[in-house]
Amino acid sequence: MSNSHDVMSDLLDNRPFDLADLAAALEAPDGRALLIDLLALRRAVQPTDSVPKLSLTPAPSRTWLRSALVAAALFAAVIGGYTVGTHRTPPVVAEAPDATRVVQVVSTGQVLIDGGRR
Amino acid sequence: MRITAILFALMLCLSASVAHGQVIDDSQLIVTPYLLTANGAEAPEHLSGRWATTVGKSTTMVFSMSGCGNFAVTSNSQRQVADDATYAWRVELTPTKTLDHVTTFRLRWARIVDKATRGFSPTSEDVEITLKPGESRPFDSVAVPQDGKTLNGRPCDIKSASLRVAAEFSEFDNRRIAADVWLIEKLPSGAETRESFAMVGIPHQPMSFYFDRIGDVDLFGHLTSDPEQSTIKVDVEVVRAQVNAPPPADTHGYQAARWDRSTTHLKADEVIEIPLPKLEERFGPYSKRAFALRVKVRRIR
């Protein structure tokens, strides 16, 4: 029994153990009952360190700074989006299929408006 | 028996020629009243009679004018003159030939009511006219009595009224044409940049496209489609216009522009490329860049 206890403890504590000893220990009904007891005991005494502790003395609040940053980011996003939208016309970049035929320009003309201004 | 067969063949030929006479073209003949106002401007009334260009089919409409240039039109079956009409016209159109949207027709009109007796001569006409879309011909003009009132009771400021027949493509066409246009820039490295513009429109009416400004040059234009038996005739006009720099206060326009036109017949799913000729030196760095348009057109209804 002592050997069974040791090998199961090693199993539960992630320590090296002999598989043959573990198999032998689990063959006996007492061995299996011992494993169940050890699992139940381990769960009952499981340390609670993983649960984050509540801070009794909260950190100094900087809510106003955080709000200002969020507001600035929102403002920049809205103004930026509006500016991009007003300067970007409906055309979008898209895949152009290969041409099956080339067609030449048949007539052309030029217009000088108001005499040009340059 | 042989005579019967010959007669039967002749009847077939005759029926074929009659069927051939029922040519239907996309263009229409439109008669519209125009009013000349006191300030010298002439504008069309928001009323018109429309004739299909079906060869051999005669149709008559009656136009009535009452008060201060208030027009009404009745159809072939009604042919009624308005009770208070100062003037009225009977207008009969008979298309005799149509080819590539050019229509020859017989116009028979008569001024059947003239209470003001201030119309000009002649008061009737029987004439053959040939028009293509965009062309028109006035056929009668009358002075409008100044004692008449407008529909809202105001004093009359209409000096004269006239009737004009025109050939036009219909703005009420239930077919739909979809067109995709890509602007391709051919870079010296062999790579391409692309920008696309998608449009939906109706036959014969220009569909406009606009691309982003490159440097100080805008590229825009329009595409006009003409559905045919198994192809679509496509006219493309591309304008490259140089903006004013700095922008003057007196115009939103350009200082110079260059337009290029091309015409072709597209099959289904065919994509054509139109290389754009390089521009002159005055267009600056833009003139050294190579552009082309790719076009795909299909009938979606």
# chains A, B, ... in the order shown; residues from 1 in each chain; ligands from 1
>>> residues_around(residues="Arg43 of chain A", least_positions_apart="6", cutoff="12 Å", atoms="only C-alpha atoms", output="VMD selection string")
chain A and resid 12 36 to 37
>>> interface_residues(of="chain B", to="chain A", cutoff="7 Å", atoms="only C-alpha atoms", output="list in words")
Trp182, Arg194, Glu195, Ser196, Phe197, Phe211, Asp212, Asn244, Tyr254, Gln255, Ala256, Ala257, Arg258, Trp259, Asp260, Arg261, Ser262, Glu270, Val271, Ile272, Glu273, Ile274, Pro275 and Arg294 of chain B
>>> atom_distance(atom1="atom CA of Pro206 of chain B", atom2="atom CA of Glu42 of chain B")
25.3 Å
>>> select_by_dssp(residues="segment 150-249 of chain B", states="strand (DSSP E or B)", output="ChimeraX atom specification")
/B:155,158-169,177-186,192-201,207-210,214,217-227,232-243
>>> residues_around(residues="Ala52 of chain B", least_positions_apart="3", cutoff="8 Å", atoms="only C-alpha atoms", output="ChimeraX atom specification")
/B:24-25,27-29
